[in-house]
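Below is start_5.cif, holding mmCIF, C-alpha atoms.
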```
data_coords
#
loop_
_atom_site.group_PDB
_atom_site.id
_atom_site.type_symbol
_atom_site.label_atom_id
_atom_site.label_comp_id
_atom_site.auth_asym_id
_atom_site.auth_seq_id
_atom_site.Cartn_x
_atom_site.Cartn_y
_atom_site.Cartn_z
ATOM 1 C CA MET U 1 76.240 -99.806 -13.496
ATOM 2 C CA GLU U 2 73.640 -99.883 -10.741
ATOM 3 C CA MET U 3 74.750 -101.354 -7.438
ATOM 4 C CA ASN U 4 72.878 -104.633 -7.007
ATOM 5 C CA LEU U 5 74.542 -105.881 -3.848
ATOM 6 C CA LEU U 6 75.106 -104.316 -0.469
ATOM 7 C CA PRO U 7 77.369 -106.186 1.951
ATOM 8 C CA LEU U 8 76.884 -105.211 5.570
ATOM 9 C CA LEU U 9 79.797 -106.250 7.797
ATOM 10 C CA LEU U 10 80.015 -106.099 11.569
ATOM 11 C CA LEU U 11 83.533 -106.744 12.859
ATOM 12 C CA ILE U 12 84.081 -107.635 16.499
ATOM 13 C CA CYS U 13 87.543 -108.262 17.981
ATOM 14 C CA LEU U 14 87.521 -110.522 20.992
ATOM 15 C CA PRO U 15 89.508 -108.740 23.745
ATOM 16 C CA GLN U 16 90.090 -111.980 25.638
ATOM 17 C CA CYS U 17 91.679 -113.590 22.590
ATOM 18 C CA SER U 18 94.213 -111.090 21.319
ATOM 19 C CA GLY U 19 94.777 -111.334 17.589
ATOM 20 C CA HIS U 20 91.538 -113.228 16.852
ATOM 21 C CA LEU U 21 88.608 -111.889 14.865
ATOM 22 C CA LEU U 22 84.921 -112.759 15.128
ATOM 23 C CA ARG U 23 82.817 -111.517 12.213
ATOM 24 C CA PHE U 24 79.074 -111.398 11.650
ATOM 25 C CA LEU U 25 78.341 -111.129 7.925
ATOM 26 C CA THR U 26 75.089 -110.244 6.239
ATOM 27 C CA PHE U 27 74.702 -109.648 2.539
ATOM 28 C CA CYS U 28 71.846 -109.622 0.077
ATOM 29 C CA GLN U 29 71.068 -108.775 -3.526
ATOM 30 C CA ARG U 30 68.464 -106.453 -4.891
ATOM 31 C CA ASP U 31 65.385 -107.950 -6.567
ATOM 32 C CA VAL U 32 66.318 -111.528 -5.567
ATOM 33 C CA PRO U 33 63.696 -112.400 -2.919
ATOM 34 C CA GLU U 34 65.202 -115.661 -1.628
ATOM 35 C CA ASP U 35 68.821 -114.556 -1.840
ATOM 36 C CA GLY U 36 70.839 -113.539 1.175
ATOM 37 C CA GLN U 37 73.335 -114.829 3.674
ATOM 38 C CA TYR U 38 73.965 -114.552 7.379
ATOM 39 C CA ASP U 39 76.997 -116.248 8.844
ATOM 40 C CA ILE U 40 79.477 -116.061 11.690
ATOM 41 C CA GLU U 41 83.195 -116.433 11.024
ATOM 42 C CA PHE U 42 86.134 -116.837 13.382
ATOM 43 C CA ASP U 43 89.612 -116.062 12.033
ATOM 44 C CA GLY U 44 88.378 -116.577 8.481
ATOM 45 C CA ASP U 45 86.682 -119.945 9.161
ATOM 46 C CA GLN U 46 82.930 -120.123 8.961
ATOM 47 C CA LEU U 47 81.448 -121.313 12.256
ATOM 48 C CA LEU U 48 77.877 -121.425 11.003
ATOM 49 C CA PHE U 49 75.379 -119.950 8.594
ATOM 50 C CA VAL U 50 71.628 -119.582 8.647
ATOM 51 C CA ASP U 51 69.760 -120.730 5.545
ATOM 52 C CA PRO U 52 67.789 -117.676 4.302
ATOM 53 C CA VAL U 53 64.954 -119.896 3.026
ATOM 54 C CA THR U 54 64.422 -122.422 5.843
ATOM 55 C CA TYR U 55 66.101 -120.325 8.576
ATOM 56 C CA GLN U 56 67.846 -123.442 9.841
ATOM 57 C CA THR U 57 71.236 -122.962 11.531
ATOM 58 C CA VAL U 58 73.999 -125.044 9.935
ATOM 59 C CA GLN U 59 77.284 -125.482 11.803
ATOM 60 C CA ARG U 60 80.342 -125.961 9.590
ATOM 61 C CA LEU U 61 83.138 -126.913 12.010
ATOM 62 C CA PRO U 62 82.638 -130.146 14.009
ATOM 63 C CA GLU U 63 85.025 -129.089 16.777
ATOM 64 C CA PHE U 64 82.868 -126.020 17.463
ATOM 65 C CA ALA U 65 79.594 -127.917 17.057
ATOM 66 C CA GLU U 66 80.580 -130.233 19.915
ATOM 67 C CA GLN U 67 81.442 -127.410 22.315
ATOM 68 C CA TRP U 68 79.060 -124.633 21.391
ATOM 69 C CA THR U 69 75.270 -124.433 21.053
ATOM 70 C CA PRO U 70 74.095 -121.657 18.681
ATOM 71 C CA ASP U 71 71.811 -118.960 20.024
ATOM 72 C CA PRO U 72 68.203 -120.087 19.362
ATOM 73 C CA ARG U 73 67.427 -116.492 18.325
ATOM 74 C CA LEU U 74 69.709 -116.704 15.268
ATOM 75 C CA PRO U 75 66.858 -117.428 12.810
ATOM 76 C CA GLU U 76 65.034 -114.327 14.066
ATOM 77 C CA ASP U 77 68.238 -112.276 13.870
ATOM 78 C CA THR U 78 68.774 -113.520 10.306
ATOM 79 C CA TYR U 79 65.261 -112.543 9.245
ATOM 80 C CA VAL U 80 65.722 -109.025 10.639
ATOM 81 C CA SER U 81 69.287 -108.623 9.350
ATOM 82 C CA VAL U 82 68.591 -109.774 5.777
ATOM 83 C CA GLY U 83 65.366 -107.740 5.695
ATOM 84 C CA THR U 84 67.282 -104.648 6.858
ATOM 85 C CA CYS U 85 69.917 -105.297 4.190
ATOM 86 C CA LYS U 86 67.322 -105.373 1.410
ATOM 87 C CA TYR U 87 65.595 -102.303 2.838
ATOM 88 C CA ASN U 88 68.847 -100.330 2.897
ATOM 89 C CA ILE U 89 70.116 -101.140 -0.622
ATOM 90 C CA PRO U 90 68.101 -98.490 -2.562
ATOM 91 C CA ARG U 91 68.628 -95.915 0.196
ATOM 92 C CA ALA U 92 72.383 -96.536 0.246
ATOM 93 C CA ILE U 93 72.516 -96.218 -3.544
ATOM 94 C CA LYS U 94 70.624 -92.924 -3.410
ATOM 95 C CA GLY U 95 72.672 -91.644 -0.480
ATOM 96 C CA GLU U 96 75.951 -92.353 -2.269
ATOM 97 C CA ASP U 97 74.672 -90.761 -5.502
ATOM 98 C CA ASN U 98 74.525 -94.021 -7.487
ATOM 99 C CA PRO U 99 78.181 -95.100 -7.150
ATOM 100 C CA PRO U 100 79.603 -97.583 -9.679
ATOM 101 C CA GLU U 101 79.569 -101.186 -8.549
ATOM 102 C CA VAL U 102 82.948 -102.548 -7.487
ATOM 103 C CA ILE U 103 83.807 -105.419 -9.841
ATOM 104 C CA VAL U 104 86.861 -107.607 -9.241
ATOM 105 C CA SER U 105 87.786 -110.674 -11.301
ATOM 106 C CA PRO U 106 88.196 -114.023 -9.528
ATOM 107 C CA THR U 107 91.220 -116.287 -9.323
ATOM 108 C CA SER U 108 90.862 -120.065 -9.171
ATOM 109 C CA MET U 109 92.773 -123.277 -8.618
ATOM 110 C CA ILE U 110 91.893 -126.981 -8.745
ATOM 111 C CA TYR U 111 93.436 -129.743 -6.642
ATOM 112 C CA PRO U 112 92.538 -133.109 -5.026
ATOM 113 C CA ARG U 113 91.823 -133.341 -1.309
ATOM 114 C CA GLN U 114 94.056 -136.411 -0.986
ATOM 115 C CA GLU U 115 96.798 -137.995 -3.061
ATOM 116 C CA MET U 116 95.168 -139.716 -6.019
ATOM 117 C CA GLU U 117 95.147 -143.506 -6.253
ATOM 118 C CA PRO U 118 93.498 -145.491 -9.081
ATOM 119 C CA GLY U 119 90.009 -146.670 -8.147
ATOM 120 C CA VAL U 120 90.041 -144.961 -4.742
ATOM 121 C CA PRO U 121 87.232 -142.367 -4.248
ATOM 122 C CA ASN U 122 88.494 -138.843 -3.745
ATOM 123 C CA ILE U 123 87.323 -135.228 -3.902
ATOM 124 C CA LEU U 124 88.415 -132.478 -6.270
ATOM 125 C CA ILE U 125 88.330 -128.937 -4.913
ATOM 126 C CA CYS U 126 87.887 -125.839 -7.042
ATOM 127 C CA PHE U 127 88.859 -122.834 -4.940
ATOM 128 C CA VAL U 128 87.638 -119.491 -6.279
ATOM 129 C CA ASN U 129 88.928 -116.369 -4.553
ATOM 130 C CA ASP U 130 89.235 -112.564 -4.559
ATOM 131 C CA PHE U 131 86.061 -111.696 -6.482
ATOM 132 C CA HIS U 132 83.289 -109.127 -6.129
ATOM 133 C CA PRO U 133 80.322 -109.086 -6.250
ATOM 134 C CA PRO U 134 79.725 -112.540 -4.672
ATOM 135 C CA THR U 135 77.880 -114.256 -7.489
ATOM 136 C CA VAL U 136 79.694 -116.929 -9.491
ATOM 137 C CA GLU U 137 78.650 -119.994 -11.476
ATOM 138 C CA ILE U 138 80.979 -122.996 -11.194
ATOM 139 C CA THR U 139 80.825 -125.837 -13.728
ATOM 140 C CA TRP U 140 82.675 -129.175 -13.671
ATOM 141 C CA THR U 141 83.509 -131.437 -16.621
ATOM 142 C CA ARG U 142 85.166 -134.843 -16.982
ATOM 143 C CA ASN U 143 86.822 -135.473 -20.344
ATOM 144 C CA GLY U 144 84.824 -132.600 -21.823
ATOM 145 C CA GLN U 145 81.439 -133.801 -20.544
ATOM 146 C CA LEU U 146 79.423 -132.180 -17.757
ATOM 147 C CA VAL U 147 79.521 -134.215 -14.560
ATOM 148 C CA ASP U 148 76.498 -135.448 -12.626
ATOM 149 C CA GLN U 149 75.349 -132.602 -10.377
ATOM 150 C CA SER U 150 74.649 -135.066 -7.570
ATOM 151 C CA ASP U 151 78.438 -135.394 -7.222
ATOM 152 C CA VAL U 152 78.899 -131.636 -6.768
ATOM 153 C CA SER U 153 78.548 -129.503 -3.652
ATOM 154 C CA GLN U 154 79.821 -126.105 -2.596
ATOM 155 C CA THR U 155 80.265 -123.840 0.392
ATOM 156 C CA GLN U 156 78.562 -120.568 1.157
ATOM 157 C CA TYR U 157 80.351 -117.384 0.138
ATOM 158 C CA TYR U 158 83.127 -116.431 2.566
ATOM 159 C CA SER U 159 84.278 -112.839 3.005
ATOM 160 C CA ASN U 160 87.933 -111.746 2.897
ATOM 161 C CA LYS U 161 89.474 -108.920 4.896
ATOM 162 C CA ASP U 162 89.415 -106.638 1.831
ATOM 163 C CA PHE U 163 85.659 -107.318 1.389
ATOM 164 C CA SER U 164 86.177 -109.560 -1.630
ATOM 165 C CA PHE U 165 84.755 -113.087 -1.488
ATOM 166 C CA ARG U 166 85.788 -116.715 -1.874
ATOM 167 C CA ILE U 167 83.961 -119.995 -2.386
ATOM 168 C CA SER U 168 84.889 -123.663 -2.809
ATOM 169 C CA SER U 169 83.197 -126.245 -5.014
ATOM 170 C CA TYR U 170 83.651 -129.989 -4.400
ATOM 171 C CA LEU U 171 83.439 -132.837 -6.902
ATOM 172 C CA SER U 172 83.309 -136.441 -5.699
ATOM 173 C CA PHE U 173 85.226 -138.609 -8.176
ATOM 174 C CA THR U 174 87.210 -141.825 -8.594
ATOM 175 C CA PRO U 175 90.609 -141.260 -10.245
ATOM 176 C CA GLU U 176 91.312 -143.106 -13.487
ATOM 177 C CA GLU U 177 94.592 -142.700 -15.341
ATOM 178 C CA GLY U 178 94.331 -140.143 -18.150
ATOM 179 C CA ASP U 179 91.023 -138.552 -17.122
ATOM 180 C CA ILE U 180 90.949 -134.764 -17.497
ATOM 181 C CA TYR U 181 88.771 -132.678 -15.203
ATOM 182 C CA SER U 182 87.988 -128.993 -15.537
ATOM 183 C CA CYS U 183 86.475 -126.343 -13.309
ATOM 184 C CA SER U 184 85.010 -123.301 -15.083
ATOM 185 C CA VAL U 185 84.033 -120.106 -13.276
ATOM 186 C CA GLU U 186 81.614 -117.526 -14.671
ATOM 187 C CA HIS U 187 81.508 -114.037 -13.167
ATOM 188 C CA ILE U 188 80.220 -110.634 -14.233
ATOM 189 C CA SER U 189 83.829 -109.423 -14.611
ATOM 190 C CA LEU U 190 84.787 -112.133 -17.126
ATOM 191 C CA ARG U 191 84.173 -112.087 -20.871
ATOM 192 C CA GLU U 192 84.611 -115.850 -20.947
ATOM 193 C CA PRO U 193 84.725 -118.511 -18.221
ATOM 194 C CA LEU U 194 87.911 -118.891 -16.193
ATOM 195 C CA THR U 195 88.828 -122.570 -16.624
ATOM 196 C CA ARG U 196 91.398 -124.717 -14.822
ATOM 197 C CA PHE U 197 92.308 -128.290 -15.793
ATOM 198 C CA LEU U 198 93.624 -131.277 -13.876
ATOM 199 C CA GLU U 199 94.819 -134.492 -15.527
ATOM 200 C CA VAL U 200 94.847 -137.628 -13.436
ATOM 201 C CA GLU U 201 98.427 -138.862 -13.245
ATOM 202 C CA VAL U 202 98.807 -141.777 -10.888
ATOM 203 C CA HIS U 203 102.363 -142.709 -9.914
ATOM 204 C CA THR U 204 102.844 -146.381 -9.045
ATOM 205 C CA GLU U 205 105.442 -147.623 -6.564
ATOM 206 C CA GLN U 206 107.504 -148.942 -9.476
ATOM 207 C CA GLN U 207 107.488 -145.521 -11.166
ATOM 208 C CA VAL U 208 108.515 -143.859 -7.907
ATOM 209 C CA ALA U 209 111.370 -146.363 -7.471
ATOM 210 C CA GLU U 210 112.540 -145.835 -11.059
ATOM 211 C CA THR U 211 112.459 -142.061 -10.598
ATOM 212 C CA ALA U 212 114.408 -142.328 -7.350
ATOM 213 C CA ALA U 213 117.020 -144.564 -9.001
ATOM 214 C CA CYS U 214 117.335 -142.094 -11.887
ATOM 215 C CA VAL U 215 117.809 -139.173 -9.498
ATOM 216 C CA CYS U 216 120.441 -141.101 -7.531
ATOM 217 C CA GLY U 217 122.249 -141.888 -10.772
ATOM 218 C CA VAL U 218 122.304 -138.241 -11.774
ATOM 219 C CA ILE U 219 123.602 -137.218 -8.347
ATOM 220 C CA LEU U 220 126.362 -139.847 -8.428
ATOM 221 C CA GLY U 221 127.285 -138.726 -11.936
ATOM 222 C CA LEU U 222 127.570 -135.104 -10.807
ATOM 223 C CA ILE U 223 129.731 -136.170 -7.854
ATOM 224 C CA GLY U 224 131.994 -138.047 -10.256
ATOM 225 C CA VAL U 225 132.316 -135.030 -12.537
ATOM 226 C CA VAL U 226 133.171 -132.716 -9.635
ATOM 227 C CA THR U 227 135.709 -135.207 -8.275
ATOM 228 C CA GLY U 228 137.308 -135.558 -11.693
ATOM 229 C CA LEU U 229 137.596 -131.789 -12.091
ATOM 230 C CA CYS U 230 139.284 -131.566 -8.695
ATOM 231 C CA PHE U 231 141.903 -134.144 -9.698
ATOM 232 C CA ILE U 232 142.533 -132.344 -13.004
ATOM 233 C CA LEU U 233 142.997 -128.987 -11.260
ATOM 234 C CA LYS U 234 145.394 -130.545 -8.734
ATOM 235 C CA ALA U 235 147.372 -132.206 -11.542
ATOM 236 C CA ASN U 236 147.660 -128.905 -13.427
ATOM 237 C CA LYS U 237 148.945 -127.156 -10.308
ATOM 238 C CA SER U 238 151.552 -129.909 -9.795
ATOM 239 C CA CYS U 239 152.782 -129.567 -13.371
ATOM 240 C CA GLN U 240 153.083 -125.792 -13.086
ATOM 241 C CA ALA U 241 155.098 -126.197 -9.863
#
```
What would the structure in this file look like if it were written as structure tokens?
Amino acid sequence: MEMNLLPLLLLICLPQCSGHLLRFLTFCQRDVPEDGQYDIEFDGDQLLFVDPVTYQTVQRLPEFAEQWTPDPRLPEDTYVSVGTCKYNIPRAIKGEDNPPEVIVSPTSMIYPRQEMEPGVPNILICFVNDFHPPTVEITWTRNGQLVDQSDVSQTQYYSNKDFSFRISSYLSFTPEEGDIYSCSVEHISLREPLTRFLEVEVHTEQQVAETAACVCGVILGLIGVVTGLCFILKANKSCQA
């Protein structure tokens, strides 16, 4: 299979912050004119990325946005870096004698951002990880029906230390008892979509109290059984004496 993607990674360790890692990531795909990514990550968290279409700098972490002003030359750096990436893809393929593309299947999980309460708006997160190349399609459903795309958003692709990628998709929703949500992931490595389900199960205060009472009852019962066995063993020892 022809290599369609060439990730170019520049890793810089900050000497003044031992154990921390600052990474500049550029990647692009062959024959996809408006595709590409340029971002800066610190210890695995994305500080910012530059949109390859508008060349606008987007900061991801508020705590950094308040204390740090991005270099105004980042859009220019992005243009040069992504252009260099696309220029180098065919030359890298030729230089490596057309190596097979590395293909790794993704893993995924689905979970709510906060504890679910009936009628209270929340966000479902579909976390997709450990895949290569970095092109996935993520689809959400509610009770078997596709959700409104205006309720869906997702991050850029993040790189892992082993050069695989991860991405998160977000679905804004309002929990209702019995609703079933699914997140399906399509990737070149998969014969069929990788799908995870989540059923809305809302536990009321009464249900929690009943569960707690049941658990206490079981514990007291076990204590009674153990105490009874102790008395029986003591009685047997007395008889044998």
List the neighbours of Gln37 (chain U) out to 7 Å using all atoms listed in the file; skip same-chain residues closer than 2 positions along the sequence, and give me the result as a PyMOL selection string. chain U and resi 26-28+39+52
Residue neighbourhood Ser182 (chain U), 9 Å, only C-alpha atoms, exclusion window fewer than 3 positions, as an MDAnalysis selection string: chainID U and resid 110 139:144 195:199
Using the chain letters and residue numbers of this document, give as a PyMOL selection string the residues selected by the PyMOL selection byres ((chain U and resi 189) around 8). chain U and resi 103-105+187-188+190-191
Best match for closeness to Tyr55 (chain U) among U:Asp35, U:Glu186, U:Glu41, U:Glu76, counting all atoms listed in the file: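 The shortest atom-to-atom distance to Tyr55 (chain U) comes from U:Glu76.
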Figure out the distance between CA of Pro106 (chain U) and CA of Lys161 (chain U), please, to one decimal in Å.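 Separation between CA of Lys161 (chain U) and CA of Pro106 (chain U): 15.4 Å.
CA of Pro133 (chain U) lies 9.5 Å from CA of Phe163 (chain U).
Take the PyMOL selection byres ((chain U and resi 152) around 12) and apply it to this file: it picks U:Ile123, U:Leu124, U:Ile125, U:Cys126, U:Ile138, U:Thr139, U:Trp140, U:Thr141, U:Leu146, U:Val147, U:Asp148, U:Gln149, U:Ser150, U:Asp151, U:Ser153, U:Gln154, U:Thr155, U:Ser168, U:Ser169, U:Tyr170, U:Leu171, U:Ser172, U:Phe173, U:Cys183.
Distance-wise, CA of Gly83 (chain U) and CA of Gly36 (chain U) end up 9.2 Å apart.
With only C-alpha atoms as the atoms that count, the residue of U:Tyr158, U:Tyr181, U:Phe131, U:Phe165 with the shortest distance to Phe42 (chain U) is U:Tyr158.
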Do you know which residues the PyMOL selection byres ((chain U and resi 38) around 12) returns on this file, as a PyMOL selection string? chain U and resi 7-10+23-28+35-37+39-41+46-53+55-58+74-85+156-159
Which residue, U:Leu21, U:Leu194, U:Val128, U:Val120, has the smallest gap to Pro175 (chain U) when you use all atoms listed in the file? U:Val120
Quick one: of U:Asp162, U:Asp179, U:Asp130, U:Glu115, who's nearest to Gln145 (chain U), counting all atoms listed in the file?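 That would be U:Asp179, the residue with the smallest distance to Gln145 (chain U).
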Check the smallest atom-to-atom distance from each of U:Ser108, U:Asn129, U:Ile180, U:Leu22 to Ser164 (chain U) using all atoms listed in the file, then report the winner.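 Result for the nearest residue to Ser164 (chain U): U:Asn129.
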